[in-house]
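S.K.: Provided herewith: model.cif, mmCIF, C-alpha atoms.
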data_structure
#
loop_
_atom_site.label_atom_id
_atom_site.label_comp_id
_atom_site.auth_asym_id
_atom_site.auth_seq_id
_atom_site.Cartn_x
_atom_site.Cartn_y
_atom_site.Cartn_z
CA MET A 1 -5.37 -41.64 63.59
CA SER A 2 -4.18 -44.58 61.51
CA VAL A 3 -6.49 -46.00 58.85
CA VAL A 4 -5.66 -49.58 59.92
CA SER A 5 -5.81 -49.98 63.69
CA GLU A 6 -3.85 -52.40 65.76
CA ILE A 7 -5.32 -55.57 67.20
CA LYS A 8 -4.30 -57.52 70.28
CA CYS A 9 -3.31 -61.14 69.98
CA ALA A 10 -5.71 -63.41 71.86
CA LYS A 11 -2.82 -65.69 72.90
CA CYS A 12 0.15 -63.49 73.83
CA ASP A 13 -1.87 -60.33 74.42
CA ARG A 14 0.49 -58.19 72.24
CA LYS A 15 -0.64 -55.59 69.73
CA TYR A 16 0.20 -55.67 66.03
CA SER A 17 -1.11 -54.30 62.70
CA GLY A 18 -4.55 -55.41 61.66
CA VAL A 19 -3.36 -56.22 58.12
CA ARG A 20 -1.47 -59.30 59.34
CA SER A 21 -3.19 -62.67 59.40
CA ARG A 22 -0.93 -64.06 62.17
CA CYS A 23 0.63 -62.62 65.26
CA PRO A 24 4.29 -61.74 64.52
CA PHE A 25 5.24 -62.62 68.09
CA CYS A 26 3.65 -66.00 68.79
CA GLY A 27 2.34 -67.02 65.37
CA GLU A 28 -1.27 -67.26 66.56
CA ARG A 29 -3.73 -67.01 63.62
CA ILE A 30 -6.47 -64.47 63.92
CA THR A 31 -9.73 -66.26 64.69
CA GLY A 32 -12.90 -64.31 64.41
CA ARG A 33 -12.41 -60.60 64.89
CA GLY A 34 -9.61 -60.65 67.45
CA LYS A 35 -9.33 -58.31 70.37
CA HIS A 36 -9.90 -54.58 70.02
CA ASN A 37 -10.96 -55.00 66.38
CA ASP A 38 -14.29 -53.33 65.81
CA LYS A 39 -16.48 -52.99 62.75
CA THR A 40 -15.11 -49.53 61.89
CA ASP A 41 -11.57 -50.82 61.36
CA ARG A 42 -12.74 -53.55 59.03
CA PHE A 43 -14.87 -51.10 57.04
CA ARG A 44 -11.96 -48.72 56.62
CA LEU A 45 -9.72 -51.50 55.39
CA LYS A 46 -12.27 -52.56 52.81
CA MET A 47 -12.74 -48.97 51.68
CA LEU A 48 -8.98 -48.50 51.31
CA ILE A 49 -8.67 -51.65 49.19
CA SER A 50 -11.69 -50.62 47.06
CA VAL A 51 -10.27 -47.14 46.45
CA MET A 52 -6.89 -48.56 45.44
CA ILE A 53 -8.53 -51.01 43.00
CA MET A 54 -10.64 -48.21 41.51
CA CYS A 55 -7.59 -45.93 41.06
CA VAL A 56 -5.73 -48.70 39.25
CA PHE A 57 -8.73 -49.23 36.98
CA VAL A 58 -9.09 -45.50 36.18
CA ILE A 59 -5.38 -45.07 35.47
CA GLY A 60 -5.38 -48.12 33.17
CA ALA A 61 -8.44 -46.86 31.29
CA GLY A 62 -6.89 -43.42 30.83
CA VAL A 63 -3.62 -44.83 29.47
CA LEU A 64 -5.55 -47.08 27.09
CA LEU A 65 -7.68 -44.15 25.90
CA PHE A 66 -4.78 -41.80 25.13
CA THR A 67 -2.51 -44.41 23.54
CA THR A 68 -5.10 -45.95 21.22
CA PRO A 69 -4.92 -44.22 17.77
CA VAL A 70 -8.16 -42.78 16.48
CA PRO A 71 -8.98 -44.18 13.03
CA GLU A 72 -9.43 -41.55 10.33
CA VAL A 73 -12.90 -41.43 8.87
CA GLU A 74 -12.88 -40.93 5.13
CA PRO A 75 -15.63 -38.71 3.75
CA PRO A 76 -18.23 -40.54 1.72
CA PRO A 77 -17.63 -40.34 -2.02
CA GLN A 78 -19.67 -37.71 -3.77
CA ALA A 79 -22.28 -38.99 -6.06
CA GLN A 80 -21.60 -38.11 -9.67
CA THR A 81 -24.37 -37.54 -12.10
CA PRO A 82 -23.90 -39.93 -15.00
CA LEU A 83 -23.55 -38.29 -18.34
CA ARG A 84 -26.19 -38.98 -20.88
CA PRO A 85 -25.03 -40.65 -24.05
CA GLY A 86 -23.64 -38.07 -26.42
CA THR A 87 -23.18 -35.42 -23.71
CA PRO A 88 -19.62 -34.00 -23.72
CA ASP A 89 -17.81 -33.70 -20.45
CA ASP A 90 -15.96 -30.62 -19.17
CA THR A 91 -12.83 -31.45 -21.17
CA ASP A 92 -14.60 -31.46 -24.50
CA ILE A 93 -15.00 -28.33 -26.60
CA VAL A 94 -18.40 -28.00 -28.16
CA SER A 95 -18.50 -26.23 -31.48
CA LEU A 96 -21.90 -25.96 -33.08
CA PRO A 97 -22.62 -24.48 -36.49
CA GLY A 98 -22.94 -20.74 -36.22
CA ASN A 99 -21.56 -20.67 -32.66
CA ASN A 100 -17.95 -20.00 -31.73
CA PRO A 101 -16.52 -21.72 -28.67
CA VAL A 102 -16.15 -19.41 -25.72
CA SER A 103 -12.53 -18.53 -25.10
CA PRO A 104 -11.18 -16.83 -21.99
CA SER A 105 -10.85 -13.11 -22.33
CA PRO A 106 -7.27 -11.84 -22.41
CA ASP A 107 -5.92 -10.02 -19.41
CA PRO A 108 -6.44 -6.27 -19.70
CA GLU A 109 -3.33 -4.36 -20.59
CA PRO A 110 -2.08 -1.96 -17.95
CA PRO A 111 -2.94 1.66 -18.70
CA GLU A 112 -0.21 3.61 -20.38
CA ASP A 113 1.39 6.44 -18.52
CA PRO A 114 -0.15 9.73 -19.58
CA LEU A 115 2.03 11.83 -21.79
CA PRO A 116 3.49 14.84 -20.02
CA GLU A 117 1.73 18.05 -20.88
CA PRO A 118 3.82 20.35 -23.03
CA ASP A 119 5.19 23.42 -21.38
CA PRO A 120 3.17 26.53 -22.17
CA GLU A 121 4.67 28.81 -24.76
CA PRO A 122 6.50 31.74 -23.21
CA VAL A 123 4.72 35.09 -23.36
CA VAL A 124 6.40 38.46 -23.82
CA ARG A 125 6.26 40.44 -20.58
CA HIS A 126 8.45 43.42 -21.43
CA VAL A 127 9.73 45.24 -24.54
CA ILE A 128 12.84 47.39 -24.10
CA ILE A 129 14.07 49.88 -26.76
CA THR A 130 17.89 50.13 -26.79
CA TYR A 131 20.45 52.40 -28.50
CA ASN A 132 24.06 51.23 -28.70
CA GLY A 133 23.20 48.33 -26.34
CA ARG A 134 21.62 50.51 -23.62
CA GLU A 135 18.01 51.24 -22.81
CA ASN A 136 17.04 54.64 -24.25
CA LYS A 137 13.76 56.43 -23.45
CA ASP A 138 14.69 59.89 -24.74
CA PHE A 139 17.16 60.96 -27.40
CA THR A 140 17.82 63.98 -29.63
CA ALA A 141 18.55 64.03 -33.40
CA ARG A 142 19.10 66.63 -36.08
CA VAL A 143 17.00 67.01 -39.20
CA GLY A 144 18.16 64.46 -41.78
CA GLU A 145 19.95 62.32 -39.18
CA ARG A 146 19.31 58.57 -39.00
CA VAL A 147 19.33 56.63 -35.73
CA ASP A 148 19.22 52.82 -35.49
CA LEU A 149 17.28 51.37 -32.58
CA LYS A 150 16.85 47.79 -31.34
CA VAL A 151 14.49 46.00 -28.98
CA THR A 152 15.04 43.36 -26.30
CA LEU A 153 12.19 41.02 -25.44
CA VAL A 154 11.73 39.65 -21.93
CA PRO A 155 11.96 36.71 -21.44
CA ASP A 156 14.78 36.16 -23.88
CA GLY A 157 14.50 33.75 -26.80
CA ILE A 158 10.91 34.59 -27.84
CA GLU A 159 10.38 34.97 -31.56
CA GLU A 160 7.61 37.53 -32.01
CA GLU A 161 7.20 40.24 -34.63
CA VAL A 162 7.84 43.75 -33.29
CA ILE A 163 5.70 46.59 -34.70
CA TRP A 164 7.31 50.08 -34.90
CA GLU A 165 5.28 53.29 -35.14
CA SER A 166 5.86 57.05 -35.13
CA SER A 167 3.41 59.30 -33.35
CA ASN A 168 4.12 62.11 -35.90
CA GLU A 169 5.70 61.25 -39.25
CA SER A 170 6.24 64.94 -40.08
CA ILE A 171 8.91 64.96 -37.36
CA PHE A 172 10.47 61.51 -37.92
CA GLN A 173 9.77 58.30 -39.76
CA VAL A 174 10.60 54.75 -38.55
CA VAL A 175 10.97 51.55 -40.58
CA ALA A 176 11.88 47.99 -39.50
CA LEU A 177 15.26 46.70 -40.70
CA ASN A 178 14.39 42.95 -40.58
CA THR A 179 11.39 40.69 -40.81
CA ALA A 180 11.08 40.14 -37.07
CA GLY A 181 11.33 43.87 -36.44
CA THR A 182 13.94 43.50 -33.74
CA SER A 183 15.75 46.56 -35.12
CA ALA A 184 14.48 49.74 -36.80
CA ARG A 185 15.79 53.03 -38.25
CA VAL A 186 14.49 56.44 -37.24
CA THR A 187 14.92 59.27 -39.80
CA ALA A 188 14.44 62.83 -38.56
CA VAL A 189 12.54 64.95 -41.13
CA GLY A 190 11.35 68.01 -39.20
CA ARG A 191 11.87 69.88 -35.97
CA GLY A 192 9.68 68.91 -33.01
CA THR A 193 9.08 66.17 -30.49
CA ALA A 194 7.34 62.87 -31.13
CA THR A 195 7.24 59.37 -29.74
CA VAL A 196 8.45 56.14 -31.30
CA THR A 197 6.77 52.89 -30.06
CA ALA A 198 7.74 49.23 -30.35
CA SER A 199 4.98 46.77 -29.50
CA VAL A 200 4.46 43.02 -29.33
CA GLY A 201 0.75 42.42 -28.93
CA GLU A 202 -0.39 44.50 -25.98
CA VAL A 203 3.12 44.97 -24.57
CA VAL A 204 4.43 48.41 -25.66
CA ALA A 205 7.68 50.34 -25.15
CA GLU A 206 8.04 54.08 -25.89
CA THR A 207 10.94 56.43 -26.52
CA ILE A 208 10.75 60.23 -26.95
CA VAL A 209 12.49 61.59 -30.07
CA ARG A 210 13.50 65.27 -30.12
CA VAL A 211 14.47 66.67 -33.52
CA ARG A 212 16.47 69.94 -33.66
#
Would you mind writing the structure in this file as structure tokens?

M.R.:
Amino acid sequence: MSVVSEIKCAKCDRKYSGVRSRCPFCGERITGRGKHNDKTDRFRLKMLISVMIMCVFVIGAGVLLFTTPVPEVEPPPQAQTPLRPGTPDDTDIVSLPGNNPVSPSPDPEPPEDPLPEPDPEPVVRHVIITYNGRENKDFTARVGERVDLKVTLVPDGIEEEVIWESSNESIFQVVALNTAGTSARVTAVGRGTATVTASVGEVVAETIVRVR
């Protein structure tokens, strides 16, 4: 159903749109309400015109609202407490007798890297008695014969004093040939069997000596 209804011309009896003020056919002006034009049609026309005017007003207000720049509001200035006469400001350095001005503490120095711990000193694990470059745990000698023995310390490169001993000096005697005791001389003095030992601390090596 159309919002604007048609009306019938009172002169030529033809229908045309109710928005016209004259009949497009005969030119007759609308007098009064015209034919077939009731109150509802007039009310709808007024409502349509009112809605259109209101839309134009709302659109214009919205455009004006979004295009108008908003003025920036400056914050109110902070009140400053006036300095009393003779009071130094923050830029002054106050130095009173007997008082030193406070100075900023220096930045702490980064901690130094800890020194590496020294390697533990090597410890003798084995003592080996050798004769002519080979390990010897049992050898035979004649009375009056002299036999030179040496020791090898494990691990190699340890400088420790080696102590030599004879279990029976009536059969043979042993003496170190150097200060470190890495070599010694066995002298057979009587028939029998005895044991020669070479020790570094609690690490001991033994070799049986048989004198004929």

S.K.: Carefully work through the PyMOL selection byres ((chain A and resi 189) around 6) for this structure and note down the residues it includes, as a PDB file with C-alpha atoms, in the coordinates of the input.

M.R.:
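Result file follows (out.pdb):
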ATOM      1  CA  VAL A 143      17.000  67.010 -39.200  1.00  0.00           C
ATOM      2  CA  GLY A 144      18.160  64.460 -41.780  1.00  0.00           C
ATOM      3  CA  ILE A 171       8.910  64.960 -37.360  1.00  0.00           C
ATOM      4  CA  PHE A 172      10.470  61.510 -37.920  1.00  0.00           C
ATOM      5  CA  ALA A 188      14.440  62.830 -38.560  1.00  0.00           C
ATOM      6  CA  GLY A 190      11.350  68.010 -39.200  1.00  0.00           C
TER       7      GLY A 190
END

S.K.: As an exercise, work out the distance from CA of Asp148 in chain A to CA of Gly201 in chain A in Å and give it to one decimal place.

M.R.: 22.2 Å

S.K.: Emit as JSON the padded axis-aligned box for all listed atoms of range 129-137 of chain A, 3 Å per side, with centre and edge lengths in Å to one decimal.

M.R.:
{"center_x": 18.9, "center_y": 52.4, "center_z": -25.8, "size_x": 16.3, "size_y": 14.1, "size_z": 11.9}

S.K.: Any chance you could resolve the PyMOL selection byres ((chain A and resi 20) around 12) against this file and give the residues as a ChimeraX atom specification?

M.R.: /A:4-9,15-19,21-25,27-30,34

S.K.: In Å, how far is it from CA of Pro75 in chain A to CA of Val63 in chain A?

M.R.: 29.0 Å

S.K.: For CA of Ile158 in chain A and CA of Ala180 in chain A, determine how far apart the two atoms are, in Å to one decimal place.

M.R.: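 Atom-to-atom, CA of Ile158 in chain A and CA of Ala180 in chain A are spaced 10.8 Å apart.
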
S.K.: Ranking A:Cys26, A:Leu64, A:Val154, A:Ala184 by minimum distance to Thr197 in chain A and counting only C-alpha atoms, which one comes first?

M.R.: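 Using only C-alpha atoms, Thr197 in chain A sits closest to A:Ala184.
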
S.K.: What do you get, as a PyMOL selection string, if you spell out every residue that the PyMOL selection byres ((chain A and resi 183) around 12) selects here?

M.R.: chain A and resi 128-133+147-153+161-164+174-182+184-186+198

S.K.: Which polymer residues have any atom within 9 Å of an atom of range 205-208 of chain A, counting only C-alpha atoms, with same-chain residues fewer than 2 positions away left out, as an MDAnalysis selection string?

M.R.: chainID A and resid 126:129 136:140 151 193:199 203 210

S.K.: For the residues selected in the previous step, produce a file with C-alpha atoms as a PDB file, in the coordinates of the input.

M.R.:
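So out-v7.pdb came out as:
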ATOM      1  CA  HIS A 126       8.450  43.420 -21.430  1.00  0.00           C
ATOM      2  CA  VAL A 127       9.730  45.240 -24.540  1.00  0.00           C
ATOM      3  CA  ILE A 128      12.840  47.390 -24.100  1.00  0.00           C
ATOM      4  CA  ILE A 129      14.070  49.880 -26.760  1.00  0.00           C
ATOM      5  CA  ASN A 136      17.040  54.640 -24.250  1.00  0.00           C
ATOM      6  CA  LYS A 137      13.760  56.430 -23.450  1.00  0.00           C
ATOM      7  CA  ASP A 138      14.690  59.890 -24.740  1.00  0.00           C
ATOM      8  CA  PHE A 139      17.160  60.960 -27.400  1.00  0.00           C
ATOM      9  CA  THR A 140      17.820  63.980 -29.630  1.00  0.00           C
ATOM     10  CA  VAL A 151      14.490  46.000 -28.980  1.00  0.00           C
ATOM     11  CA  THR A 193       9.080  66.170 -30.490  1.00  0.00           C
ATOM     12  CA  ALA A 194       7.340  62.870 -31.130  1.00  0.00           C
ATOM     13  CA  THR A 195       7.240  59.370 -29.740  1.00  0.00           C
ATOM     14  CA  VAL A 196       8.450  56.140 -31.300  1.00  0.00           C
ATOM     15  CA  THR A 197       6.770  52.890 -30.060  1.00  0.00           C
ATOM     16  CA  ALA A 198       7.740  49.230 -30.350  1.00  0.00           C
ATOM     17  CA  SER A 199       4.980  46.770 -29.500  1.00  0.00           C
ATOM     18  CA  VAL A 203       3.120  44.970 -24.570  1.00  0.00           C
ATOM     19  CA  ARG A 210      13.500  65.270 -30.120  1.00  0.00           C
TER      20      ARG A 210
END

S.K.: So which one's closest to Asp156 in chain A, A:Val123, A:Ala141, A:Leu48, A:Leu115? Using only C-alpha atoms, please.

M.R.: A:Val123

S.K.: So, counting all atoms listed in the file, which residue among A:Gly192, A:Arg146, A:Ser166, A:Val204 is closest to Val124 in chain A?

M.R.: A:Val204
